[in-house]
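Printed here is model.txt (compact mmCIF, C-alpha atoms and all ligand atoms):
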# COMPACT_ATOMS: atom_id res chain seq x y z
CA MET A 140 -2.07 -91.23 80.80
CA ARG A 141 0.95 -89.12 79.82
CA HIS A 142 2.09 -86.62 82.43
CA TYR A 143 4.15 -83.55 81.58
CA LYS A 144 5.61 -80.83 83.78
CA ILE A 145 5.52 -77.40 82.19
CA ALA A 146 7.18 -74.25 83.54
CA LEU A 147 5.24 -71.07 82.79
CA LEU A 148 7.29 -67.87 82.70
CA GLU A 149 4.73 -65.13 82.18
CA GLY A 150 7.29 -62.35 81.77
CA ASP A 151 6.67 -58.64 81.52
CA GLY A 152 4.35 -56.18 79.78
CA ILE A 153 1.72 -58.06 77.78
CA GLY A 154 3.25 -61.39 78.89
CA PRO A 155 0.72 -62.23 81.64
CA GLU A 156 -2.25 -61.21 79.44
CA ILE A 157 -1.33 -63.39 76.49
CA MET A 158 -0.11 -66.25 78.71
CA LYS A 159 -3.57 -66.40 80.31
CA GLU A 160 -5.14 -67.10 76.90
CA ALA A 161 -2.50 -69.69 76.04
CA VAL A 162 -3.22 -71.51 79.30
CA LYS A 163 -6.97 -71.57 78.49
CA VAL A 164 -6.15 -73.42 75.29
CA LEU A 165 -3.69 -75.75 77.01
CA LYS A 166 -6.28 -76.68 79.65
CA LEU A 167 -8.75 -77.59 76.93
CA VAL A 168 -6.15 -79.74 75.18
CA GLU A 169 -5.59 -81.53 78.49
CA LYS A 170 -9.32 -82.05 79.04
CA ARG A 171 -9.90 -83.65 75.66
CA ASN A 172 -6.76 -85.82 75.51
CA ASP A 173 -5.22 -88.57 77.57
CA VAL A 174 -2.63 -86.21 78.99
CA LYS A 175 -1.96 -84.30 82.21
CA PHE A 176 -0.11 -80.99 82.19
CA GLU A 177 1.33 -79.96 85.55
CA LEU A 178 1.78 -76.21 85.24
CA THR A 179 4.15 -74.28 87.52
CA THR A 180 4.40 -70.51 87.25
CA ALA A 181 7.79 -68.92 87.95
CA ASP A 182 9.18 -65.37 88.02
CA PHE A 183 11.31 -64.29 85.08
CA GLY A 184 12.44 -61.01 83.54
CA ALA A 185 12.07 -57.45 84.82
CA SER A 186 9.18 -58.39 87.12
CA ALA A 187 11.43 -60.99 88.80
CA TYR A 188 14.21 -58.43 89.16
CA PHE A 189 11.89 -55.94 90.89
CA LYS A 190 10.53 -58.68 93.14
CA CYS A 191 13.76 -60.31 94.26
CA GLY A 192 16.71 -58.53 92.60
CA ASP A 193 17.36 -61.29 90.07
CA PRO A 194 15.74 -61.54 86.60
CA PHE A 195 16.34 -65.33 86.52
CA PRO A 196 16.02 -66.41 90.18
CA GLU A 197 17.43 -69.73 91.42
CA GLU A 198 13.93 -71.00 92.17
CA THR A 199 12.90 -70.36 88.55
CA LYS A 200 16.01 -72.18 87.34
CA ALA A 201 15.06 -75.18 89.49
CA ILE A 202 11.47 -75.18 88.17
CA CYS A 203 12.76 -75.01 84.58
CA ASP A 204 15.27 -77.79 85.27
CA ARG A 205 12.46 -80.07 86.49
CA ALA A 206 10.10 -79.20 83.62
CA ASP A 207 9.64 -81.23 80.44
CA ALA A 208 9.12 -77.99 78.52
CA ILE A 209 8.99 -74.27 79.21
CA ILE A 210 6.50 -71.74 77.92
CA LYS A 211 7.88 -68.23 78.14
CA GLY A 212 6.09 -64.94 77.69
CA PRO A 213 7.94 -61.88 76.40
CA ILE A 214 10.18 -59.97 78.79
CA GLY A 215 11.62 -56.47 78.87
CA LEU A 216 10.79 -52.88 79.63
CA SER A 217 10.49 -49.69 77.67
CA HIS A 218 13.74 -47.89 76.86
CA GLU A 219 13.30 -45.46 79.77
CA GLU A 220 12.14 -48.05 82.33
CA SER A 221 15.10 -50.32 81.47
CA LYS A 222 17.44 -47.73 82.98
CA LYS A 223 16.06 -48.63 86.43
CA ILE A 224 17.90 -51.97 86.18
CA PRO A 225 21.72 -52.37 86.11
CA VAL A 226 22.87 -53.25 82.59
CA ASP A 227 23.88 -56.84 83.39
CA LYS A 228 20.59 -57.56 85.17
CA GLN A 229 18.40 -56.19 82.39
CA PRO A 230 15.99 -58.86 81.20
CA GLU A 231 17.69 -60.03 77.98
CA ARG A 232 21.22 -60.13 79.35
CA GLY A 233 20.17 -61.27 82.83
CA ALA A 234 17.44 -63.78 81.99
CA LEU A 235 16.79 -64.53 78.32
CA LEU A 236 20.33 -65.30 77.16
CA PRO A 237 21.07 -67.33 80.34
CA LEU A 238 17.86 -69.35 79.72
CA ARG A 239 18.97 -70.11 76.17
CA ALA A 240 22.49 -70.99 77.34
CA ARG A 241 21.25 -73.17 80.22
CA PHE A 242 19.27 -75.45 77.92
CA ASN A 243 21.46 -74.94 74.85
CA THR A 244 18.41 -74.15 72.74
CA TYR A 245 20.39 -73.66 69.57
CA ALA A 246 17.62 -74.07 67.01
CA ASN A 247 14.97 -71.40 66.88
CA TYR A 248 12.05 -72.01 64.51
CA ARG A 249 10.08 -68.91 63.62
CA PRO A 250 7.15 -69.54 61.30
CA VAL A 251 6.20 -66.53 59.17
CA SER A 252 2.85 -67.71 58.01
CA LEU A 253 -0.35 -66.15 56.73
CA PRO A 254 -2.92 -68.18 54.81
CA LYS A 255 -4.31 -66.65 51.63
CA ASP A 256 -7.71 -65.86 53.15
CA LEU A 257 -6.03 -63.76 55.86
CA GLY A 258 -3.87 -61.94 53.30
CA HIS A 259 -5.76 -58.71 54.03
CA PHE A 260 -3.81 -58.43 57.33
CA SER A 261 -0.54 -58.05 55.42
CA PRO A 262 0.64 -54.55 54.50
CA LEU A 263 1.88 -56.04 51.21
CA LYS A 264 -0.24 -55.75 48.06
CA PRO A 265 -2.56 -58.74 47.37
CA GLU A 266 -0.61 -59.65 44.22
CA ILE A 267 2.55 -59.94 46.34
CA VAL A 268 0.89 -61.98 49.08
CA GLY A 269 -0.46 -64.22 46.30
CA ASP A 270 -1.45 -67.61 47.70
CA GLY A 271 -0.35 -66.61 51.17
CA ILE A 272 2.97 -66.49 53.03
CA ASP A 273 4.46 -69.70 54.39
CA ILE A 274 8.07 -69.45 55.54
CA ILE A 275 9.98 -70.96 58.44
CA MET A 276 13.02 -69.01 59.57
CA VAL A 277 15.58 -71.20 61.31
CA ARG A 278 17.73 -69.02 63.52
CA GLU A 279 20.87 -70.14 65.34
CA LEU A 280 20.12 -69.10 68.91
CA VAL A 281 23.09 -69.64 71.22
CA GLY A 282 26.11 -68.38 69.30
CA GLY A 283 27.42 -65.37 67.43
CA LEU A 284 27.59 -61.80 68.59
CA TYR A 285 24.97 -62.17 71.31
CA PHE A 286 27.03 -64.77 73.16
CA GLY A 287 30.58 -63.70 72.34
CA ASP A 288 33.03 -62.10 74.77
CA LYS A 289 32.33 -58.48 75.57
CA GLU A 290 34.69 -55.84 76.77
CA THR A 291 34.24 -52.18 77.61
CA GLY A 292 36.74 -49.65 78.86
CA VAL A 293 38.73 -46.54 78.07
CA ASN A 294 41.42 -46.78 75.40
CA GLU A 295 44.87 -45.17 75.24
CA GLN A 296 43.39 -42.02 73.74
CA GLY A 297 41.06 -41.74 76.71
CA LEU A 298 37.99 -42.67 74.64
CA ARG A 299 35.34 -45.08 75.90
CA TYR A 300 35.30 -48.19 73.70
CA VAL A 301 33.37 -51.42 73.38
CA LYS A 302 34.42 -54.72 71.83
CA GLU A 303 32.01 -57.58 71.15
CA THR A 304 33.03 -60.84 69.58
CA LEU A 305 31.20 -62.80 66.88
CA GLU A 306 32.32 -66.39 67.25
CA TYR A 307 31.10 -69.67 65.76
CA ASP A 308 32.84 -73.00 65.49
CA GLU A 309 32.08 -75.48 62.75
CA ALA A 310 30.15 -77.82 65.05
CA GLN A 311 27.77 -75.02 66.04
CA ILE A 312 27.17 -74.23 62.38
CA ALA A 313 26.83 -77.87 61.35
CA ARG A 314 24.11 -78.69 63.89
CA ILE A 315 21.86 -75.80 62.86
CA MET A 316 22.43 -76.62 59.19
CA HIS A 317 21.34 -80.23 59.77
CA GLN A 318 18.15 -78.94 61.41
CA ALA A 319 17.43 -76.59 58.51
CA LEU A 320 18.20 -79.19 55.86
CA LYS A 321 16.02 -81.81 57.56
CA LEU A 322 13.19 -79.30 57.79
CA SER A 323 13.63 -78.46 54.10
CA MET A 324 13.37 -82.18 53.28
CA SER A 325 9.96 -82.27 54.99
CA ARG A 326 8.76 -79.21 53.07
CA LYS A 327 9.55 -77.87 49.60
CA LYS A 328 13.19 -79.03 49.51
CA VAL A 329 14.47 -75.50 48.99
CA LEU A 330 16.73 -73.88 51.57
CA HIS A 331 17.66 -70.21 51.47
CA ASN A 332 20.98 -69.67 53.20
CA ILE A 333 21.20 -66.14 54.56
CA HIS A 334 24.70 -64.79 55.03
CA LYS A 335 27.03 -61.82 54.62
CA SER A 336 30.16 -63.48 53.28
CA ASN A 337 31.13 -60.43 51.24
CA VAL A 338 32.02 -58.72 54.55
CA LEU A 339 32.03 -61.17 57.46
CA LYS A 340 34.48 -64.03 57.80
CA SER A 341 31.99 -65.76 60.09
CA SER A 342 29.72 -66.03 57.05
CA VAL A 343 32.55 -67.50 54.97
CA LEU A 344 32.87 -70.36 57.47
CA TRP A 345 29.08 -70.59 57.71
CA ASN A 346 28.85 -71.13 53.94
CA GLU A 347 31.79 -73.56 53.85
CA VAL A 348 30.19 -75.80 56.47
CA LEU A 349 26.88 -75.74 54.60
CA GLU A 350 28.63 -76.77 51.39
CA GLU A 351 30.30 -79.69 53.20
CA ILE A 352 27.02 -80.93 54.68
CA ALA A 353 24.69 -80.27 51.76
CA PRO A 354 25.68 -83.44 49.83
CA GLU A 355 24.04 -85.46 52.63
CA TYR A 356 20.74 -83.91 51.48
CA PRO A 357 21.05 -84.13 47.69
CA GLU A 358 17.36 -83.39 47.12
CA VAL A 359 17.53 -79.99 48.78
CA GLU A 360 18.22 -77.07 46.47
CA ILE A 361 20.31 -74.45 48.27
CA LYS A 362 20.09 -70.79 47.38
CA HIS A 363 22.52 -68.29 48.86
CA ILE A 364 21.30 -64.77 49.60
CA LEU A 365 23.07 -61.89 51.31
CA VAL A 366 21.15 -60.80 54.38
CA ASP A 367 20.58 -57.28 53.11
CA ALA A 368 19.14 -58.54 49.84
CA ALA A 369 16.99 -61.02 51.77
CA ALA A 370 15.41 -58.14 53.69
CA THR A 371 14.30 -56.56 50.42
CA LEU A 372 13.11 -59.79 48.86
CA LEU A 373 10.99 -60.60 51.90
CA CYS A 374 8.93 -57.53 51.02
CA LEU A 375 9.04 -57.83 47.24
CA ASN A 376 8.57 -61.57 46.80
CA PRO A 377 8.06 -63.53 50.03
CA GLY A 378 6.55 -66.42 48.05
CA GLN A 379 10.01 -67.48 46.87
CA PHE A 380 11.03 -68.46 50.42
CA ASP A 381 10.22 -71.70 52.22
CA VAL A 382 12.94 -72.51 54.80
CA MET A 383 15.54 -69.83 55.55
CA VAL A 384 18.57 -70.49 57.78
CA MET A 385 20.62 -67.75 59.43
CA GLU A 386 22.89 -66.89 62.31
CA ASN A 387 21.68 -65.40 65.56
CA MET A 388 21.56 -61.66 64.96
CA PHE A 389 20.40 -61.89 61.34
CA GLY A 390 17.55 -64.09 62.59
CA ASP A 391 16.59 -61.65 65.31
CA ILE A 392 16.20 -58.85 62.81
CA LEU A 393 14.82 -60.66 59.76
CA SER A 394 12.19 -62.50 61.79
CA ASP A 395 10.81 -59.19 63.08
CA GLN A 396 10.59 -58.14 59.47
CA GLY A 397 8.72 -61.40 58.96
CA GLY A 398 6.18 -60.18 61.51
CA GLY A 399 6.00 -56.92 59.61
CA ILE A 400 5.05 -58.54 56.31
CA LEU A 401 2.33 -60.56 58.05
CA GLY A 402 0.85 -57.41 59.56
CA SER A 403 1.93 -57.74 63.20
CA LEU A 404 4.51 -59.25 65.48
CA GLY A 405 1.48 -60.65 67.30
CA LEU A 406 1.37 -63.37 64.60
CA MET A 407 4.89 -64.60 65.41
CA PRO A 408 5.26 -67.65 67.70
CA SER A 409 8.48 -69.61 68.03
CA ALA A 410 10.10 -72.80 69.25
CA CYS A 411 13.59 -72.79 70.81
CA ILE A 412 14.84 -76.35 70.53
CA GLY A 413 17.63 -77.80 72.61
CA PRO A 414 19.11 -81.30 72.71
CA GLU A 415 17.26 -82.23 75.90
CA LYS A 416 14.78 -79.49 76.61
CA SER A 417 13.01 -76.87 74.57
CA TYR A 418 11.21 -73.70 75.37
CA TYR A 419 8.53 -71.83 73.49
CA GLU A 420 8.03 -68.09 73.24
CA PRO A 421 6.53 -65.43 71.00
CA SER A 422 9.21 -63.85 68.81
CA HIS A 423 8.24 -60.39 69.91
CA GLY A 424 8.94 -58.33 73.02
CA SER A 425 6.79 -57.26 75.94
CA ALA A 426 5.03 -54.47 73.99
CA PRO A 427 5.05 -51.95 76.86
CA ASP A 428 3.10 -49.51 74.67
CA ILE A 429 -0.05 -51.66 74.87
CA ALA A 430 0.46 -53.60 78.13
CA GLY A 431 -2.49 -53.88 80.52
CA GLN A 432 -5.11 -52.84 77.97
CA ASN A 433 -6.39 -56.28 76.92
CA ILE A 434 -5.63 -55.46 73.28
CA ALA A 435 -2.51 -57.58 72.64
CA ASN A 436 -2.79 -60.34 70.09
CA PRO A 437 -2.32 -63.70 71.86
CA TYR A 438 -1.88 -65.64 68.56
CA SER A 439 1.90 -65.66 69.03
CA MET A 440 1.61 -67.11 72.56
CA ILE A 441 -1.09 -69.67 71.71
CA GLY A 442 0.89 -70.60 68.60
CA SER A 443 3.94 -71.18 70.79
CA VAL A 444 1.85 -73.66 72.80
CA ALA A 445 0.91 -75.40 69.54
CA MET A 446 4.60 -75.64 68.67
CA MET A 447 5.30 -77.15 72.10
CA LEU A 448 2.62 -79.80 71.59
CA GLU A 449 4.19 -80.74 68.26
CA HIS A 450 7.88 -80.60 69.12
CA SER A 451 7.99 -81.65 72.78
CA PHE A 452 4.93 -83.86 73.22
CA ASP A 453 4.35 -85.56 69.87
CA MET A 454 0.90 -83.98 69.56
CA ALA A 455 1.10 -82.52 66.06
CA GLY A 456 -2.58 -83.30 65.43
CA GLU A 457 -3.78 -81.11 68.28
CA ALA A 458 -1.23 -78.47 67.26
CA ARG A 459 -2.80 -78.39 63.79
CA ASN A 460 -6.23 -78.04 65.38
CA ILE A 461 -5.02 -75.02 67.35
CA TRP A 462 -3.64 -73.32 64.22
CA ASN A 463 -6.92 -74.01 62.43
CA ALA A 464 -8.95 -72.71 65.38
CA MET A 465 -6.96 -69.45 65.57
CA GLN A 466 -7.09 -68.88 61.82
CA GLY A 467 -10.78 -69.81 61.88
CA VAL A 468 -11.49 -67.00 64.35
CA PHE A 469 -9.84 -64.49 62.02
CA GLY A 470 -11.55 -66.19 59.08
CA ASP A 471 -14.92 -65.40 60.72
CA GLY A 472 -14.13 -61.72 60.31
CA TYR A 473 -12.70 -60.99 63.76
CA SER A 474 -9.50 -59.05 64.29
CA THR A 475 -7.32 -57.91 67.14
CA PRO A 476 -6.44 -54.19 67.01
CA ASP A 477 -2.83 -54.73 65.87
CA LEU A 478 -4.00 -56.28 62.61
CA SER A 479 -6.61 -53.82 61.36
CA ARG A 480 -6.97 -50.09 61.11
CA PRO A 481 -10.02 -48.38 62.63
CA GLY A 482 -12.79 -48.40 60.03
CA ALA A 483 -11.63 -51.68 58.47
CA ASP A 484 -14.41 -54.15 57.70
CA VAL A 485 -13.70 -56.41 60.71
CA LYS A 486 -15.23 -57.22 64.10
CA MET A 487 -12.63 -55.98 66.57
CA ILE A 488 -12.04 -58.18 69.64
CA HIS A 489 -9.94 -58.03 72.78
CA THR A 490 -7.16 -60.37 73.93
CA ASP A 491 -9.45 -62.44 76.18
CA GLU A 492 -12.22 -62.65 73.56
CA PHE A 493 -9.76 -64.03 71.03
CA GLY A 494 -8.72 -66.72 73.53
CA GLU A 495 -12.33 -67.63 74.27
CA LYS A 496 -13.22 -67.87 70.59
CA VAL A 497 -10.21 -70.12 69.94
CA VAL A 498 -11.39 -72.37 72.77
CA GLU A 499 -14.91 -72.50 71.26
CA LYS A 500 -13.53 -73.43 67.83
CA LEU A 501 -11.19 -76.04 69.25
CA GLN A 502 -13.99 -77.58 71.30
CA ALA A 503 -15.97 -78.07 68.10
CA MET A 504 -13.13 -80.03 66.46
CA PRO A 505 -12.50 -83.70 67.15
CA ALA A 506 -9.31 -84.25 69.19
CA VAL A 507 -6.47 -85.88 67.26
CA ALA A 508 -4.26 -88.10 69.39
CA GLY A 509 -0.61 -88.23 68.34
CA PRO A 510 1.14 -86.75 65.32
P1 LIG B 1 8.05 -55.32 70.91
O1 LIG B 1 8.20 -56.56 70.10
O2 LIG B 1 7.68 -55.48 72.33
O3 LIG B 1 6.96 -54.37 70.24
C1 LIG B 1 7.10 -53.81 68.92
C2 LIG B 1 5.72 -53.38 68.42
O4 LIG B 1 4.93 -54.54 68.17
C3 LIG B 1 4.95 -52.56 69.46
O5 LIG B 1 4.21 -51.57 68.80
C4 LIG B 1 4.01 -53.57 70.09
O6 LIG B 1 2.81 -53.02 70.59
C5 LIG B 1 3.74 -54.52 68.94
N1 LIG B 1 3.44 -55.88 69.41
C6 LIG B 1 4.35 -56.81 69.83
N2 LIG B 1 3.72 -57.92 70.20
C7 LIG B 1 2.40 -57.71 70.02
C8 LIG B 1 1.22 -58.50 70.23
N3 LIG B 1 1.28 -59.77 70.70
N4 LIG B 1 0.02 -57.96 69.95
C9 LIG B 1 -0.06 -56.72 69.45
N5 LIG B 1 1.00 -55.93 69.21
C10 LIG B 1 2.22 -56.42 69.51
O7 LIG B 1 9.41 -54.54 70.75
P2 LIG B 1 10.01 -53.32 71.60
O8 LIG B 1 8.93 -52.36 71.95
O9 LIG B 1 11.16 -52.88 70.83
O10 LIG B 1 10.55 -54.02 72.92
C11 LIG B 1 9.90 -53.99 74.18
C12 LIG B 1 10.71 -54.81 75.17
O11 LIG B 1 10.69 -56.18 74.79
C13 LIG B 1 12.18 -54.39 75.22
O12 LIG B 1 12.57 -54.37 76.55
C14 LIG B 1 12.89 -55.50 74.46
O13 LIG B 1 14.20 -55.66 74.93
C15 LIG B 1 12.04 -56.70 74.81
N6 LIG B 1 12.11 -57.85 73.89
C16 LIG B 1 12.01 -59.09 74.45
C17 LIG B 1 11.99 -60.22 73.64
C18 LIG B 1 11.83 -61.57 74.25
O14 LIG B 1 11.34 -61.69 75.38
N7 LIG B 1 12.19 -62.66 73.57
C19 LIG B 1 12.08 -60.08 72.24
C20 LIG B 1 12.15 -58.80 71.71
C21 LIG B 1 12.16 -57.69 72.54
As structure tokens - that is how I would like this structure written.
Amino acid sequence: MRHYKIALLEGDGIGPEIMKEAVKVLKLVEKRNDVKFELTTADFGASAYFKCGDPFPEETKAICDRADAIIKGPIGLSHEESKKIPVDKQPERGALLPLRARFNTYANYRPVSLPKDLGHFSPLKPEIVGDGIDIIMVRELVGGLYFGDKETGVNEQGLRYVKETLEYDEAQIARIMHQALKLSMSRKKVLHNIHKSNVLKSSVLWNEVLEEIAPEYPEVEIKHILVDAAATLLCLNPGQFDVMVMENMFGDILSDQGGGILGSLGLMPSACIGPEKSYYEPSHGSAPDIAGQNIANPYSMIGSVAMMLEHSFDMAGEARNIWNAMQGVFGDGYSTPDLSRPGADVKMIHTDEFGEKVVEKLQAMPAVAGP
């Protein structure tokens, strides 16, 4: 029997609610496969700060270090609540970026996916959704503006100033490009390179490195799009995209737009892949506006578990079953509140009901060992 240690970081806001549903699914996967998951819960984010003064406590670091993979819920507070925490200890700066840096999780895969029969969840017109949306955004996750040197102070004119550095070296760019090109090879062999080389020199180097590496993948057609144009085209013609590669901040913003064209950020899971260890998290935040109401959509969290099974544990078959089970629940006419307006022709269900229905569906499917 295979034995895996998994660190569970529930996080803040809706984190614990959606994590609970993800764990239900994970327990069922364990029950029906020759695998043991040893789950250890650890404090992380604003809740950890309020408990012990540190958003990424040493004990959590040690649990993550020992784990084979990490499942992380969203972290963060509302704009007003955030002010209760010193800037450098606020959840993203104090926990999320250090987690990414610790495990060097440079490749972030964010599927933006909606099958045709769930097209009614999208705010886009049916003729634009067409046969469904099926994109993977590959976001560089440990470089660029978010990780560059930062400086604040008062300048010679007595004005407060801030300086943040956007830095990439060619090796950082090359490794994410290889990931994106390999992924393109396994899909439609079209890679959209998202950049801003008309303004940013970082994008000029980004494009140069891609051009140097691309000949190693002669079958992949590369299309270059400026990030601003890409934002428009995602709304006007998402069907043209398959794999999109982009630097850290572009990926942060465009992938939220990806959630928008699907109908909700609640449909956005992700995998953060490092050379030795990976972690899995929804793309969205802690949704303080709906926390504690049992109305969050746990698809993003359960989908992150599916991505873990595929990428960390070689269980792509069970991962596929989970996707099918979740989409099957929606296919039966159910909806979580984020995806449908009151009065829509759907059967509205809560967070926990969605999890239970996914478990029922999965139970009815034969387990698939291995990829
Ligand atoms: P958010 O992503 O939390 O929420 C934006 C909107 O999407 C809200 O209306 C919310 O209700 C909705 N939403 C998000 N996830 C949902 C789900 N699973 N089901 C239903 N609806 C969902 O963004 P925000 O409000 O700008 O940020 C809240 C906090 O989250 C902030 O502190 C921010 O810094 C943090 N944040 C954390 C992460 C992370 O942990 N990786 C990512 C983004 C934002």
Nearest to ligand LIG 1 (chain B) by atom-to-atom distance, counting only C-alpha atoms and all ligand atoms, from A:Lys496, A:His450, A:Arg249, A:Lys486: A:Arg249
Polymer residues at most 10 Å from stretch 464-478 of chain A, only C-alpha atoms, same-chain spacing of 3 or more positions, as number ranges by chain: A: 253-254, 256-257, 259-262, 401-406, 429, 433-438, 441-442, 458-461, 481, 483-490, 492-504
9 Å shell around ligand LIG 1 (chain B) using only C-alpha atoms and all ligand atoms, listed as a ChimeraX atom specification: /A:150-154,157,184-185,211-218,220-221,229-231,235,391,395,398-399,403-407,420-430,434-440,475-478,490
Length of the atom CA of A:Lys223 to atom CA of A:Phe189 vector [Å]: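 Between atom CA of A:Lys223 and atom CA of A:Phe189 the gap is 9.5 Å.
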Computed interatomic separation between atom CA of A:Ala181 and atom CA of A:Pro250 (Å): 26.7 Å
Top pick for closest residue to A:Lys144, considering A:Asp204, A:Glu197, A:Glu347, A:Glu386 and counting only C-alpha atoms: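 Looking only at the distances to A:Lys144, the closest residue turns out to be A:Asp204.
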Would it be fine to have stretch 451-458 of chain A, with all heavy atoms, given as a PDB file, in the first residue's frame?
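File result_8.pdb, as written:
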ATOM      1  N   SER A 451       0.925  14.805  -7.989  1.00  0.00           N
ATOM      2  CA  SER A 451       1.851  14.342  -6.940  1.00  0.00           C
ATOM      3  C   SER A 451       1.808  12.840  -6.738  1.00  0.00           C
ATOM      4  O   SER A 451       2.787  12.252  -6.284  1.00  0.00           O
ATOM      5  CB  SER A 451       1.536  15.033  -5.606  1.00  0.00           C
ATOM      6  OG  SER A 451       1.987  16.362  -5.631  1.00  0.00           O
ATOM      7  N   PHE A 452       0.657  12.202  -7.018  1.00  0.00           N
ATOM      8  CA  PHE A 452       0.517  10.797  -6.623  1.00  0.00           C
ATOM      9  C   PHE A 452       0.220   9.845  -7.786  1.00  0.00           C
ATOM     10  O   PHE A 452      -0.219   8.701  -7.556  1.00  0.00           O
ATOM     11  CB  PHE A 452      -0.574  10.674  -5.535  1.00  0.00           C
ATOM     12  CG  PHE A 452      -0.279  11.498  -4.304  1.00  0.00           C
ATOM     13  CD1 PHE A 452      -1.309  12.057  -3.573  1.00  0.00           C
ATOM     14  CD2 PHE A 452       1.027  11.733  -3.891  1.00  0.00           C
ATOM     15  CE1 PHE A 452      -1.049  12.835  -2.435  1.00  0.00           C
ATOM     16  CE2 PHE A 452       1.303  12.509  -2.768  1.00  0.00           C
ATOM     17  CZ  PHE A 452       0.263  13.057  -2.041  1.00  0.00           C
ATOM     18  N   ASP A 453       0.372  10.326  -9.012  1.00  0.00           N
ATOM     19  CA  ASP A 453       0.210   9.450 -10.169  1.00  0.00           C
ATOM     20  C   ASP A 453      -1.169   8.767 -10.179  1.00  0.00           C
ATOM     21  O   ASP A 453      -1.282   7.590 -10.505  1.00  0.00           O
ATOM     22  CB  ASP A 453       1.333   8.396 -10.151  1.00  0.00           C
ATOM     23  CG  ASP A 453       1.594   7.836 -11.537  1.00  0.00           C
ATOM     24  OD1 ASP A 453       1.215   8.489 -12.518  1.00  0.00           O
ATOM     25  OD2 ASP A 453       2.145   6.717 -11.628  1.00  0.00           O
ATOM     26  N   MET A 454      -2.191   9.520  -9.804  1.00  0.00           N
ATOM     27  CA  MET A 454      -3.541   8.946  -9.744  1.00  0.00           C
ATOM     28  C   MET A 454      -4.486   9.731 -10.674  1.00  0.00           C
ATOM     29  O   MET A 454      -5.563  10.181 -10.277  1.00  0.00           O
ATOM     30  CB  MET A 454      -4.071   8.972  -8.303  1.00  0.00           C
ATOM     31  CG  MET A 454      -3.277   8.107  -7.346  1.00  0.00           C
ATOM     32  SD  MET A 454      -3.912   8.182  -5.641  1.00  0.00           S
ATOM     33  CE  MET A 454      -5.387   7.182  -5.772  1.00  0.00           C
ATOM     34  N   ALA A 455      -4.051   9.874 -11.930  1.00  0.00           N
ATOM     35  CA  ALA A 455      -4.840  10.687 -12.872  1.00  0.00           C
ATOM     36  C   ALA A 455      -6.227  10.080 -13.104  1.00  0.00           C
ATOM     37  O   ALA A 455      -7.195  10.814 -13.361  1.00  0.00           O
ATOM     38  CB  ALA A 455      -4.085  10.827 -14.184  1.00  0.00           C
ATOM     39  N   GLY A 456      -6.341   8.763 -12.996  1.00  0.00           N
ATOM     40  CA  GLY A 456      -7.641   8.118 -13.224  1.00  0.00           C
ATOM     41  C   GLY A 456      -8.663   8.553 -12.185  1.00  0.00           C
ATOM     42  O   GLY A 456      -9.794   8.937 -12.522  1.00  0.00           O
ATOM     43  N   GLU A 457      -8.258   8.533 -10.923  1.00  0.00           N
ATOM     44  CA  GLU A 457      -9.174   8.976  -9.867  1.00  0.00           C
ATOM     45  C   GLU A 457      -9.437  10.482  -9.975  1.00  0.00           C
ATOM     46  O   GLU A 457     -10.536  10.951  -9.686  1.00  0.00           O
ATOM     47  CB  GLU A 457      -8.607   8.647  -8.475  1.00  0.00           C
ATOM     48  CG  GLU A 457      -8.840   7.208  -8.039  1.00  0.00           C
ATOM     49  CD  GLU A 457     -10.322   6.874  -7.805  1.00  0.00           C
ATOM     50  OE1 GLU A 457     -11.065   6.739  -8.804  1.00  0.00           O
ATOM     51  OE2 GLU A 457     -10.712   6.718  -6.650  1.00  0.00           O
ATOM     52  N   ALA A 458      -8.411  11.222 -10.405  1.00  0.00           N
ATOM     53  CA  ALA A 458      -8.603  12.665 -10.600  1.00  0.00           C
ATOM     54  C   ALA A 458      -9.710  12.895 -11.639  1.00  0.00           C
ATOM     55  O   ALA A 458     -10.618  13.695 -11.423  1.00  0.00           O
ATOM     56  CB  ALA A 458      -7.300  13.322 -11.048  1.00  0.00           C
TER      57      ALA A 458
END
